[in-house]
file data.pdb (PDB, C-alpha atoms)
MODEL        1
ATOM      1  CA  MET A  95     -97.866  28.835 -28.725
ATOM      2  CA  SER A  96    -100.048  28.433 -31.742
ATOM      3  CA  ILE A  97     -99.022  29.487 -35.170
ATOM      4  CA  SER A  98    -101.982  30.929 -36.996
ATOM      5  CA  LYS A  99    -100.394  30.929 -40.413
ATOM      6  CA  TRP A 100     -97.181  29.583 -41.795
ATOM      7  CA  HIS A 101     -95.000  31.786 -43.903
ATOM      8  CA  PRO A 102     -91.701  30.929 -45.560
ATOM      9  CA  GLY A 103     -90.075  33.777 -43.661
ATOM     10  CA  LYS A 104     -90.905  32.115 -40.350
ATOM     11  CA  LEU A 105     -89.178  28.946 -41.494
ATOM     12  CA  ILE A 106     -86.142  30.934 -42.513
ATOM     13  CA  ILE A 107     -86.002  32.532 -39.060
ATOM     14  CA  LEU A 108     -86.430  29.159 -37.368
ATOM     15  CA  TRP A 109     -83.725  27.514 -39.477
ATOM     16  CA  SER A 110     -81.365  30.405 -38.943
ATOM     17  CA  TRP A 111     -81.599  30.294 -35.181
ATOM     18  CA  GLY A 112     -81.769  26.528 -35.089
ATOM     19  CA  GLY A 113     -78.817  26.180 -37.412
ATOM     20  CA  LEU A 114     -76.820  28.583 -35.295
ATOM     21  CA  PHE A 115     -77.457  26.697 -32.065
ATOM     22  CA  ALA A 116     -76.927  23.346 -33.745
ATOM     23  CA  ALA A 117     -73.619  24.570 -35.168
ATOM     24  CA  LEU A 118     -72.537  25.842 -31.757
ATOM     25  CA  ALA A 119     -73.417  22.531 -30.127
ATOM     26  CA  LEU A 120     -71.626  20.611 -32.863
ATOM     27  CA  THR A 121     -68.557  22.823 -32.554
ATOM     28  CA  GLN A 122     -68.541  22.192 -28.834
ATOM     29  CA  PHE A 123     -68.884  18.473 -29.474
ATOM     30  CA  LEU A 124     -65.971  18.413 -31.902
ATOM     31  CA  GLY A 125     -63.769  20.792 -29.932
ATOM     32  CA  SER A 126     -62.357  18.356 -27.400
ATOM     33  CA  LYS A 127     -61.845  14.653 -26.934
ATOM     34  CA  VAL A 128     -64.848  12.592 -25.960
ATOM     35  CA  GLU A 129     -62.901  10.833 -23.226
ATOM     36  CA  SER A 130     -62.450  14.110 -21.336
ATOM     37  CA  SER A 131     -66.176  14.398 -20.549
ATOM     38  CA  PRO A 132     -68.333  11.796 -22.264
ATOM     39  CA  ILE A 133     -71.638  12.947 -20.783
ATOM     40  CA  ALA A 134     -71.174  16.552 -21.891
ATOM     41  CA  HIS A 135     -70.213  15.417 -25.370
ATOM     42  CA  LEU A 136     -73.231  13.178 -25.570
ATOM     43  CA  LEU A 137     -75.532  16.044 -24.596
ATOM     44  CA  GLU A 138     -73.924  18.367 -27.144
ATOM     45  CA  LEU A 139     -74.386  15.856 -29.930
ATOM     46  CA  LEU A 140     -77.980  15.153 -28.889
ATOM     47  CA  VAL A 141     -78.804  18.873 -28.771
ATOM     48  CA  ALA A 142     -77.400  19.404 -32.255
ATOM     49  CA  LEU A 143     -79.279  16.420 -33.622
ATOM     50  CA  LEU A 144     -82.552  17.265 -31.861
ATOM     51  CA  ILE A 145     -82.538  20.837 -33.111
ATOM     52  CA  LEU A 146     -82.036  19.690 -36.669
ATOM     53  CA  LEU A 147     -84.606  16.934 -36.235
ATOM     54  CA  ALA A 148     -87.206  19.334 -34.761
ATOM     55  CA  LEU A 149     -86.681  21.827 -37.531
ATOM     56  CA  SER A 150     -86.982  19.082 -40.101
ATOM     57  CA  VAL A 151     -90.247  17.864 -38.557
ATOM     58  CA  VAL A 152     -91.687  21.380 -38.450
ATOM     59  CA  THR A 153     -90.705  22.046 -42.033
ATOM     60  CA  TRP A 154     -91.994  18.673 -43.159
ATOM     61  CA  LYS A 155     -95.313  19.234 -41.416
ATOM     62  CA  TRP A 156     -95.743  22.729 -42.826
ATOM     63  CA  LEU A 157     -94.845  21.612 -46.317
ATOM     64  CA  GLY A 158     -97.129  18.596 -46.104
ATOM     65  CA  GLY A 159     -99.899  18.799 -48.667
ATOM     66  CA  ARG A 160     -98.630  22.049 -50.148
ATOM     67  CA  GLU A 161     -96.583  20.423 -52.933
ATOM     68  CA  SER A 162     -99.294  21.229 -55.461
ATOM     69  CA  SER A 163     -99.538  24.869 -54.442
TER      70      SER A 163
ATOM     71  CA  MET B  11      21.862 -12.295  27.790
ATOM     72  CA  THR B  12      20.082 -10.000  30.202
ATOM     73  CA  ASN B  13      16.407 -10.054  30.996
ATOM     74  CA  LYS B  14      15.924  -6.759  29.190
ATOM     75  CA  SER B  15      17.373  -8.068  25.977
ATOM     76  CA  LEU B  16      15.280 -11.216  26.308
ATOM     77  CA  ILE B  17      12.114  -9.164  26.632
ATOM     78  CA  LEU B  18      13.062  -7.062  23.634
ATOM     79  CA  ALA B  19      13.754 -10.148  21.558
ATOM     80  CA  PHE B  20      10.403 -11.627  22.556
ATOM     81  CA  LEU B  21       8.563  -8.464  21.636
ATOM     82  CA  PHE B  22      10.371  -8.351  18.267
ATOM     83  CA  PHE B  23       9.374 -11.947  17.633
ATOM     84  CA  LEU B  24       5.776 -11.177  18.451
ATOM     85  CA  LEU B  25       5.723  -8.202  16.116
ATOM     86  CA  THR B  26       7.267 -10.030  13.182
ATOM     87  CA  ALA B  27       5.049 -13.060  13.730
ATOM     88  CA  SER B  28       1.896 -10.985  13.798
ATOM     89  CA  ALA B  29       3.002  -9.121  10.671
ATOM     90  CA  GLN B  30       3.534 -12.403   8.829
ATOM     91  CA  THR B  31       0.241 -13.929   9.838
ATOM     92  CA  LYS B  32      -1.852 -10.824   9.236
ATOM     93  CA  PRO B  33      -4.116 -11.426   6.197
ATOM     94  CA  THR B  34      -3.455  -9.118   3.260
ATOM     95  CA  VAL B  35      -7.027  -8.719   2.137
ATOM     96  CA  PRO B  36      -7.987  -5.449   0.462
ATOM     97  CA  PRO B  37     -10.237  -3.106   2.355
ATOM     98  CA  PRO B  38     -13.804  -4.233   1.944
ATOM     99  CA  GLU B  39     -16.035  -2.459  -0.494
ATOM    100  CA  PRO B  40     -18.786  -0.420   1.063
ATOM    101  CA  GLN B  41     -21.805  -2.616   1.491
ATOM    102  CA  ALA B  42     -24.029  -0.392  -0.560
ATOM    103  CA  ALA B  43     -21.770  -0.348  -3.617
ATOM    104  CA  VAL B  44     -22.760  -3.827  -4.631
ATOM    105  CA  GLN B  45     -20.889  -5.391  -7.507
ATOM    106  CA  LEU B  46     -22.206  -8.634  -8.882
ATOM    107  CA  VAL B  47     -19.225 -10.187 -10.531
ATOM    108  CA  THR B  48     -20.444 -13.467 -11.871
ATOM    109  CA  THR B  49     -23.711 -14.601 -13.249
ATOM    110  CA  LYS B  50     -24.059 -17.102 -10.424
ATOM    111  CA  GLN B  51     -24.187 -14.487  -7.708
ATOM    112  CA  SER B  52     -27.621 -13.419  -6.637
ATOM    113  CA  ILE B  53     -28.684  -9.957  -5.644
ATOM    114  CA  PRO B  54     -28.141  -9.507  -1.905
ATOM    115  CA  LYS B  55     -31.217  -9.187   0.266
ATOM    116  CA  ASN B  56     -32.309  -7.150   3.259
ATOM    117  CA  PHE B  57     -31.935  -3.689   1.802
ATOM    118  CA  LYS B  58     -34.518  -0.942   1.908
ATOM    119  CA  THR B  59     -34.203  -0.238  -1.793
ATOM    120  CA  TYR B  60     -32.475  -1.821  -4.758
ATOM    121  CA  SER B  61     -31.060   0.354  -7.519
ATOM    122  CA  LEU B  62     -30.425  -1.749 -10.600
ATOM    123  CA  PHE B  63     -28.377  -0.435 -13.470
ATOM    124  CA  LEU B  64     -29.572  -2.290 -16.560
ATOM    125  CA  ILE B  65     -27.754  -2.121 -19.879
ATOM    126  CA  CYS B  66     -29.874  -3.719 -22.575
ATOM    127  CA  ASN B  67     -29.034  -1.319 -25.375
ATOM    128  CA  PRO B  68     -26.700  -2.984 -27.892
ATOM    129  CA  GLN B  69     -25.158   0.391 -28.719
ATOM    130  CA  TRP B  70     -23.451   0.388 -25.356
ATOM    131  CA  LEU B  71     -21.656  -2.843 -26.247
ATOM    132  CA  ASP B  72     -19.644  -1.100 -28.922
ATOM    133  CA  PRO B  73     -15.976  -1.021 -27.840
ATOM    134  CA  ALA B  74     -15.963   2.655 -28.742
ATOM    135  CA  LYS B  75     -18.329   3.178 -25.831
ATOM    136  CA  ASN B  76     -15.850   1.851 -23.267
ATOM    137  CA  ALA B  77     -14.900   5.276 -21.991
ATOM    138  CA  GLY B  78     -18.524   6.316 -21.586
ATOM    139  CA  LEU B  79     -19.358   3.016 -19.955
ATOM    140  CA  LEU B  80     -16.549   3.397 -17.459
ATOM    141  CA  GLN B  81     -17.706   6.914 -16.666
ATOM    142  CA  LEU B  82     -21.221   5.610 -16.112
ATOM    143  CA  TYR B  83     -19.919   2.933 -13.820
ATOM    144  CA  ARG B  84     -17.880   5.420 -11.835
ATOM    145  CA  GLN B  85     -20.927   7.650 -11.438
ATOM    146  CA  PHE B  86     -23.048   4.712 -10.369
ATOM    147  CA  GLN B  87     -20.373   3.514  -7.963
ATOM    148  CA  SER B  88     -20.307   6.931  -6.324
ATOM    149  CA  PHE B  89     -24.079   6.842  -6.172
ATOM    150  CA  GLY B  90     -23.948   3.417  -4.521
ATOM    151  CA  ARG B  91     -21.583   4.702  -1.881
ATOM    152  CA  ALA B  92     -23.515   7.876  -1.257
ATOM    153  CA  ILE B  93     -26.897   6.233  -0.652
ATOM    154  CA  GLY B  94     -25.622   4.422   2.403
ATOM    155  CA  ASP B  95     -25.663   0.912   3.716
ATOM    156  CA  ASP B  96     -29.423   0.521   3.728
ATOM    157  CA  HIS B  97     -29.728   0.841  -0.029
ATOM    158  CA  ALA B  98     -28.203  -1.483  -2.591
ATOM    159  CA  ALA B  99     -26.774  -0.413  -5.918
ATOM    160  CA  VAL B 100     -26.475  -3.285  -8.354
ATOM    161  CA  TRP B 101     -24.427  -3.465 -11.546
ATOM    162  CA  PHE B 102     -24.132  -6.726 -13.437
ATOM    163  CA  TRP B 103     -20.600  -7.692 -14.434
ATOM    164  CA  LYS B 104     -19.313 -10.967 -15.786
ATOM    165  CA  SER B 105     -15.875 -10.537 -14.239
ATOM    166  CA  ASN B 106     -13.914  -7.976 -12.279
ATOM    167  CA  SER B 107     -11.290  -7.254 -14.926
ATOM    168  CA  TYR B 108     -12.614  -3.718 -15.217
ATOM    169  CA  GLU B 109     -10.355  -2.917 -12.283
ATOM    170  CA  HIS B 110      -7.300  -3.497 -14.404
ATOM    171  CA  SER B 111      -8.285  -2.217 -17.788
ATOM    172  CA  ASP B 112     -11.264  -0.710 -19.498
ATOM    173  CA  ALA B 113     -10.179  -1.890 -22.922
ATOM    174  CA  ALA B 114     -12.764  -4.638 -23.070
ATOM    175  CA  LEU B 115     -15.255  -3.176 -20.708
ATOM    176  CA  ALA B 116     -18.234  -3.728 -22.951
ATOM    177  CA  GLN B 117     -17.458  -7.427 -23.175
ATOM    178  CA  ILE B 118     -17.663  -8.018 -19.470
ATOM    179  CA  VAL B 119     -20.963  -6.266 -18.875
ATOM    180  CA  ASP B 120     -23.510  -8.959 -18.124
ATOM    181  CA  VAL B 121     -25.946  -7.839 -20.776
ATOM    182  CA  GLU B 122     -27.777 -11.139 -20.826
ATOM    183  CA  ARG B 123     -28.737 -10.719 -17.206
ATOM    184  CA  SER B 124     -29.876  -7.142 -17.788
ATOM    185  CA  VAL B 125     -31.889  -8.243 -20.804
ATOM    186  CA  ARG B 126     -33.843 -10.672 -18.662
ATOM    187  CA  PHE B 127     -34.887  -7.778 -16.464
ATOM    188  CA  CYS B 128     -35.656  -5.548 -19.441
ATOM    189  CA  GLN B 129     -37.830  -8.215 -21.021
ATOM    190  CA  ALA B 130     -39.707  -8.985 -17.835
ATOM    191  CA  TRP B 131     -40.206  -5.345 -16.905
ATOM    192  CA  LYS B 132     -41.046  -4.194 -20.447
ATOM    193  CA  LEU B 133     -38.166  -1.734 -20.696
ATOM    194  CA  THR B 134     -37.321  -0.558 -24.200
ATOM    195  CA  PRO B 135     -33.614  -1.288 -24.777
ATOM    196  CA  SER B 136     -33.051   1.687 -27.064
ATOM    197  CA  GLU B 137     -34.103   4.036 -24.274
ATOM    198  CA  GLY B 138     -31.483   2.582 -21.954
ATOM    199  CA  PRO B 139     -29.422   2.189 -20.010
ATOM    200  CA  HIS B 140     -32.087   2.121 -17.332
ATOM    201  CA  LEU B 141     -31.843   2.784 -13.656
ATOM    202  CA  VAL B 142     -34.583   0.977 -11.779
ATOM    203  CA  ILE B 143     -35.062   1.768  -8.108
ATOM    204  CA  THR B 144     -37.427  -0.498  -6.263
ATOM    205  CA  GLY B 145     -38.340  -1.133  -2.689
ATOM    206  CA  THR B 146     -39.160  -4.755  -3.433
ATOM    207  CA  TYR B 147     -36.439  -7.358  -3.688
ATOM    208  CA  PRO B 148     -35.869  -8.025  -7.394
ATOM    209  CA  ASP B 149     -36.167 -11.782  -7.285
ATOM    210  CA  GLU B 150     -34.722 -13.106 -10.526
ATOM    211  CA  SER B 151     -36.618 -16.356 -10.206
ATOM    212  CA  HIS B 152     -39.919 -14.479 -10.257
ATOM    213  CA  LEU B 153     -39.302 -11.826 -12.856
ATOM    214  CA  SER B 154     -42.448 -12.790 -14.701
ATOM    215  CA  THR B 155     -44.513 -10.989 -12.079
ATOM    216  CA  GLY B 156     -43.433  -7.761 -13.713
ATOM    217  CA  LEU B 157     -42.057  -4.522 -12.403
ATOM    218  CA  PRO B 158     -42.871  -4.099  -8.710
ATOM    219  CA  LYS B 159     -45.385  -1.385  -7.931
ATOM    220  CA  ASP B 160     -43.078   0.663  -5.778
ATOM    221  CA  SER B 161     -40.536   1.078  -8.559
ATOM    222  CA  ALA B 162     -39.140   4.051 -10.399
ATOM    223  CA  VAL B 163     -37.580   3.715 -13.836
ATOM    224  CA  TYR B 164     -35.138   6.264 -15.219
ATOM    225  CA  LYS B 165     -34.150   6.180 -18.873
ATOM    226  CA  LEU B 166     -30.601   7.405 -19.273
ATOM    227  CA  GLY B 167     -30.199   6.754 -22.987
ATOM    228  CA  ASN B 168     -30.482  10.345 -24.129
ATOM    229  CA  MET B 169     -28.918  11.965 -21.100
ATOM    230  CA  ALA B 170     -25.506  13.599 -21.072
ATOM    231  CA  PRO B 171     -23.081  12.590 -18.274
ATOM    232  CA  PRO B 172     -23.602  15.861 -16.360
ATOM    233  CA  ASN B 173     -27.334  15.291 -16.425
ATOM    234  CA  ILE B 174     -26.886  11.731 -15.203
ATOM    235  CA  SER B 175     -24.730  13.009 -12.364
ATOM    236  CA  ALA B 176     -27.378  15.549 -11.463
ATOM    237  CA  LEU B 177     -30.065  12.870 -11.547
ATOM    238  CA  LEU B 178     -28.042  10.531  -9.337
ATOM    239  CA  ALA B 179     -27.422  13.361  -6.891
ATOM    240  CA  LYS B 180     -31.151  14.091  -6.761
ATOM    241  CA  LEU B 181     -31.946  10.419  -6.244
ATOM    242  CA  THR B 182     -29.346  10.205  -3.508
ATOM    243  CA  ASP B 183     -31.019  13.104  -1.719
ATOM    244  CA  GLU B 184     -34.415  11.446  -1.973
ATOM    245  CA  LEU B 185     -33.181   8.039  -0.862
ATOM    246  CA  ILE B 186     -31.346   9.477   2.091
ATOM    247  CA  ALA B 187     -34.150  11.819   3.096
ATOM    248  CA  SER B 188     -37.220   9.648   2.640
ATOM    249  CA  GLY B 189     -35.909   6.198   1.823
ATOM    250  CA  LYS B 190     -37.682   6.200  -1.518
ATOM    251  CA  VAL B 191     -37.804   8.115  -4.772
ATOM    252  CA  ASP B 192     -40.542   9.695  -6.785
ATOM    253  CA  ASN B 193     -42.101   7.429  -9.328
ATOM    254  CA  PRO B 194     -41.591   9.092 -12.722
ATOM    255  CA  THR B 195     -42.183   6.101 -14.915
ATOM    256  CA  GLY B 196     -43.246   3.226 -12.808
ATOM    257  CA  PRO B 197     -45.439   0.446 -14.048
ATOM    258  CA  PRO B 198     -48.181   1.916 -16.169
ATOM    259  CA  VAL B 199     -51.482   2.316 -14.402
ATOM    260  CA  PRO B 200     -53.992   0.121 -16.210
ATOM    261  CA  VAL B 201     -56.541   2.301 -17.959
ATOM    262  CA  PRO B 202     -60.010   0.801 -17.815
ATOM    263  CA  PRO B 203     -61.427   0.269 -21.279
ATOM    264  CA  ALA B 204     -63.924   2.896 -22.357
ATOM    265  CA  ARG B 205     -67.555   1.908 -22.344
ATOM    266  CA  LEU B 206     -69.235   1.058 -25.603
ATOM    267  CA  TRP B 207     -71.285   4.247 -25.872
ATOM    268  CA  VAL B 208     -68.203   6.348 -25.210
ATOM    269  CA  GLN B 209     -66.372   4.482 -27.949
ATOM    270  CA  LEU B 210     -69.288   5.055 -30.317
ATOM    271  CA  LEU B 211     -69.322   8.724 -29.417
ATOM    272  CA  ALA B 212     -65.601   8.985 -30.091
ATOM    273  CA  VAL B 213     -66.023   7.258 -33.440
ATOM    274  CA  THR B 214     -68.840   9.665 -34.312
ATOM    275  CA  GLN B 215     -66.664  12.603 -33.422
ATOM    276  CA  GLN B 216     -63.789  11.231 -35.491
ATOM    277  CA  THR B 217     -66.071  10.599 -38.465
ATOM    278  CA  ILE B 218     -67.529  14.101 -38.382
ATOM    279  CA  ASN B 219     -64.063  15.568 -38.051
ATOM    280  CA  ASN B 220     -62.825  13.599 -41.040
ATOM    281  CA  PHE B 221     -65.879  14.532 -43.038
ATOM    282  CA  GLY B 222     -65.440  18.185 -42.113
ATOM    283  CA  CYS B 223     -61.873  18.125 -43.363
ATOM    284  CA  ALA B 224     -62.824  16.619 -46.686
ATOM    285  CA  TRP B 225     -64.351  19.683 -48.284
ATOM    286  CA  SER B 226     -63.141  23.055 -49.508
ATOM    287  CA  PHE B 227     -65.071  26.053 -50.779
ATOM    288  CA  LYS B 228     -63.719  28.293 -53.508
ATOM    289  CA  ILE B 229     -65.241  31.471 -54.898
ATOM    290  CA  ASN B 230     -63.831  33.170 -57.939
ATOM    291  CA  ALA B 231     -65.857  36.252 -58.824
ATOM    292  CA  GLY B 232     -63.604  38.257 -61.035
ATOM    293  CA  PRO B 233     -61.673  40.697 -58.877
ATOM    294  CA  VAL B 234     -62.687  38.913 -55.681
ATOM    295  CA  SER B 235     -61.678  35.351 -54.979
ATOM    296  CA  ALA B 236     -61.814  33.358 -51.797
ATOM    297  CA  ASP B 237     -60.604  29.913 -50.939
ATOM    298  CA  LEU B 238     -62.131  28.425 -47.820
ATOM    299  CA  LYS B 239     -60.662  25.233 -46.456
ATOM    300  CA  SER B 240     -62.113  23.389 -43.535
ATOM    301  CA  CYS B 241     -58.923  22.086 -41.967
ATOM    302  CA  LYS B 242     -55.386  23.315 -41.951
ATOM    303  CA  THR B 243     -53.040  21.000 -43.754
ATOM    304  CA  SER B 244     -49.383  21.269 -42.903
TER     305      SER B 244
ENDMDL
END
call {"tool": "encode", "arguments": {"input": "data.pdb", "output": "structure tokens"}}
result
Amino acid sequence: MSISKWHPGKLIILWSWGGLFAALALTQFLGSKVESSPIAHLLELLVALLILLALSVVTWKWLGGRESS
Amino acid sequence: MTNKSLILAFLFFLLTASAQTKPTVPPPEPQAAVQLVTTKQSIPKNFKTYSLFLICNPQWLDPAKNAGLLQLYRQFQSFGRAIGDDHAAVWFWKSNSYEHSDAALAQIVDVERSVRFCQAWKLTPSEGPHLVITGTYPDESHLSTGLPKDSAVYKLGNMAPPNISALLAKLTDELIASGKVDNPTGPPVPVPPARLWVQLLAVTQQTINNFGCAWSFKINAGPVSADLKSCKTS
């Protein structure tokens, strides 16, 4: 999927959905003890971190070079 | 003297002689109700199970506890008789004066011997007295090997006498029926240490939890105010 033109509204939509899924994954990660299922907890933490990381990269890339404007 | 009177006299002599020579020993105790009187006596062998009553709790040495101690002993003695000859019930005494008086009962309990078991088997004295039932001979010279695997430990410290009686009745049923008892608190199963990444994950979780509990959000907008706290504090 190619994005023809970035708009702040698109970033808001992305961060909203991403934040929601990251929060759900983090809630799942914090909801029970790690020892009960370490693999599942690891995946939940990684998902939360990757979502936030991906959103940060996208935002960083889109904002790159636009500081002056 | 006629022959008849001679025979009668002979029979009378035999009867009186046998009565005089007959030993006046008391009837033997049932084999299962083992009583170890002195510290030099060892626990008898060749039983299917060994039920050890261990008193390591100093509270039970209070003279005020004599009545309760005697009641415990009576219950345990009945238990020892009920479980049959294949199972040994062991109570450590220093002497057998309990048969005459219970005034100094606490003084003649062989606590030192029980303490050796409690120390070796990692039994908390304050939770006692303990009833340990094991299928392995409790060799006092090798106590350092720890509690045998096929052992069951019952903590009677916080149990009322009726509850102890009920427990002993249940254990009697199990010993008679299957020759062993369930293992409620046997030796703890060693838990393998968690791997490093699991430990790191747990630390991460703990850190995020602590961080999440460290904030609070308060809105005060005139008629509307809200106070949002992350964690409940009791």
call {"tool": "interface_residues", "arguments": {"input": "data.pdb", "of": "chain A", "to": "chain B", "cutoff": "8 Å", "atoms": "all atoms listed in the file", "output": "list of chain:residue names"}}
result
A:Phe123, A:Leu124, A:Lys127, A:Val128, A:Glu129, A:Pro132, A:His135, A:Leu136
call {"tool": "write_last_selection", "arguments": {"input": "data.pdb", "atoms": "C-alpha atoms", "output": "compact mmCIF listing (two decimals), in the coordinates of the input"}}
result
# COMPACT_ATOMS: atom_id res chain seq x y z
CA PHE A 123 -68.88 18.47 -29.47
CA LEU A 124 -65.97 18.41 -31.90
CA LYS A 127 -61.84 14.65 -26.93
CA VAL A 128 -64.85 12.59 -25.96
CA GLU A 129 -62.90 10.83 -23.23
CA PRO A 132 -68.33 11.80 -22.26
CA HIS A 135 -70.21 15.42 -25.37
CA LEU A 136 -73.23 13.18 -25.57
call {"tool": "residues_around", "arguments": {"input": "data.pdb", "residues": "Gly103 (chain A)", "least_positions_apart": "6", "cutoff": "12 Å", "atoms": "all atoms listed in the file", "output": "list of chain:residue names"}}
result
A:Trp109, A:Ser110, A:Thr153
call {"tool": "atom_distance", "arguments": {"input": "data.pdb", "atom1": "CA of Gly156 (chain B)", "atom2": "CA of Phe127 (chain B)"}}
result
9.0 Å
call {"tool": "resolve_selection", "arguments": {"input": "data.pdb", "expression": "the PyMOL selection byres ((chain B and resi 148) around 9)", "output": "ChimeraX atom specification"}}
result
/B:53,60,62,144-147,149-153,157-158
call {"tool": "atom_distance", "arguments": {"input": "data.pdb", "atom1": "CA of Trp101 (chain B)", "atom2": "CA of Glu122 (chain B)"}}
result
12.5 Å
call {"tool": "resolve_selection", "arguments": {"input": "data.pdb", "expression": "the PyMOL selection byres ((chain B and resi 181) around 9)", "output": "ChimeraX atom specification"}}
result
/B:89,93,176-180,182-186,190-192
call {"tool": "resolve_selection", "arguments": {"input": "data.pdb", "expression": "the PyMOL selection byres ((chain A and resi 141) around 12)", "output": "PyMOL selection string"}}
result
chain A and resi 112-123+134-140+142-148
call {"tool": "axis_aligned_box", "arguments": {"input": "data.pdb", "around": "region 174-183 of chain B", "padding_each_side": "5 Å", "output": "JSON"}}
result
{"center_x": -28.3, "center_y": 12.9, "center_z": -8.5, "size_x": 17.2, "size_y": 15.3, "size_z": 23.5}
call {"tool": "atom_distance", "arguments": {"input": "data.pdb", "atom1": "CA of Pro68 (chain B)", "atom2": "CA of Ser136 (chain B)"}}
result
7.9 Å
call {"tool": "residues_around", "arguments": {"input": "data.pdb", "residues": "region 161-166 of chain B", "least_positions_apart": "5", "cutoff": "10 Å", "atoms": "all atoms listed in the file", "output": "number ranges by chain"}}
result
B: 59-65, 131, 133-146, 171, 173-174, 177, 190-197
call {"tool": "build_atoms", "arguments": {"input": "data.pdb", "residues": "region 78-92 of chain B", "atoms": "N, CA and C atoms", "output": "short mmCIF file (atom, residue, chain, number, x, y, z; two decimals), in the coordinates of the input"}}
result
data_model
loop_
_atom_site.label_atom_id
_atom_site.label_comp_id
_atom_site.auth_asym_id
_atom_site.auth_seq_id
_atom_site.Cartn_x
_atom_site.Cartn_y
_atom_site.Cartn_z
N GLY B 78 -17.24 5.87 -22.13
CA GLY B 78 -18.52 6.32 -21.59
C GLY B 78 -19.07 5.34 -20.58
N LEU B 79 -18.88 4.05 -20.87
CA LEU B 79 -19.36 3.02 -19.95
C LEU B 79 -18.63 3.09 -18.62
N LEU B 80 -17.33 3.29 -18.69
CA LEU B 80 -16.55 3.40 -17.46
C LEU B 80 -16.99 4.62 -16.65
N GLN B 81 -17.25 5.70 -17.36
CA GLN B 81 -17.71 6.91 -16.67
C GLN B 81 -19.05 6.66 -15.98
N LEU B 82 -19.93 5.96 -16.70
CA LEU B 82 -21.22 5.61 -16.11
C LEU B 82 -21.03 4.77 -14.85
N TYR B 83 -20.14 3.80 -14.96
CA TYR B 83 -19.92 2.93 -13.82
C TYR B 83 -19.38 3.71 -12.63
N ARG B 84 -18.44 4.62 -12.93
CA ARG B 84 -17.88 5.42 -11.84
C ARG B 84 -18.97 6.26 -11.16
N GLN B 85 -19.83 6.84 -11.99
CA GLN B 85 -20.93 7.65 -11.44
C GLN B 85 -21.84 6.79 -10.58
N PHE B 86 -22.14 5.60 -11.10
CA PHE B 86 -23.05 4.71 -10.37
C PHE B 86 -22.40 4.21 -9.08
N GLN B 87 -21.09 3.97 -9.16
CA GLN B 87 -20.37 3.51 -7.96
C GLN B 87 -20.41 4.60 -6.87
N SER B 88 -20.22 5.83 -7.29
CA SER B 88 -20.31 6.93 -6.32
C SER B 88 -21.71 7.03 -5.75
N PHE B 89 -22.68 6.84 -6.62
CA PHE B 89 -24.08 6.84 -6.17
C PHE B 89 -24.31 5.75 -5.13
N GLY B 90 -23.78 4.55 -5.43
CA GLY B 90 -23.95 3.42 -4.52
C GLY B 90 -23.33 3.68 -3.16
N ARG B 91 -22.21 4.39 -3.16
CA ARG B 91 -21.58 4.70 -1.88
C ARG B 91 -22.34 5.79 -1.14
N ALA B 92 -22.88 6.72 -1.90
CA ALA B 92 -23.52 7.88 -1.26
C ALA B 92 -24.86 7.53 -0.64
#
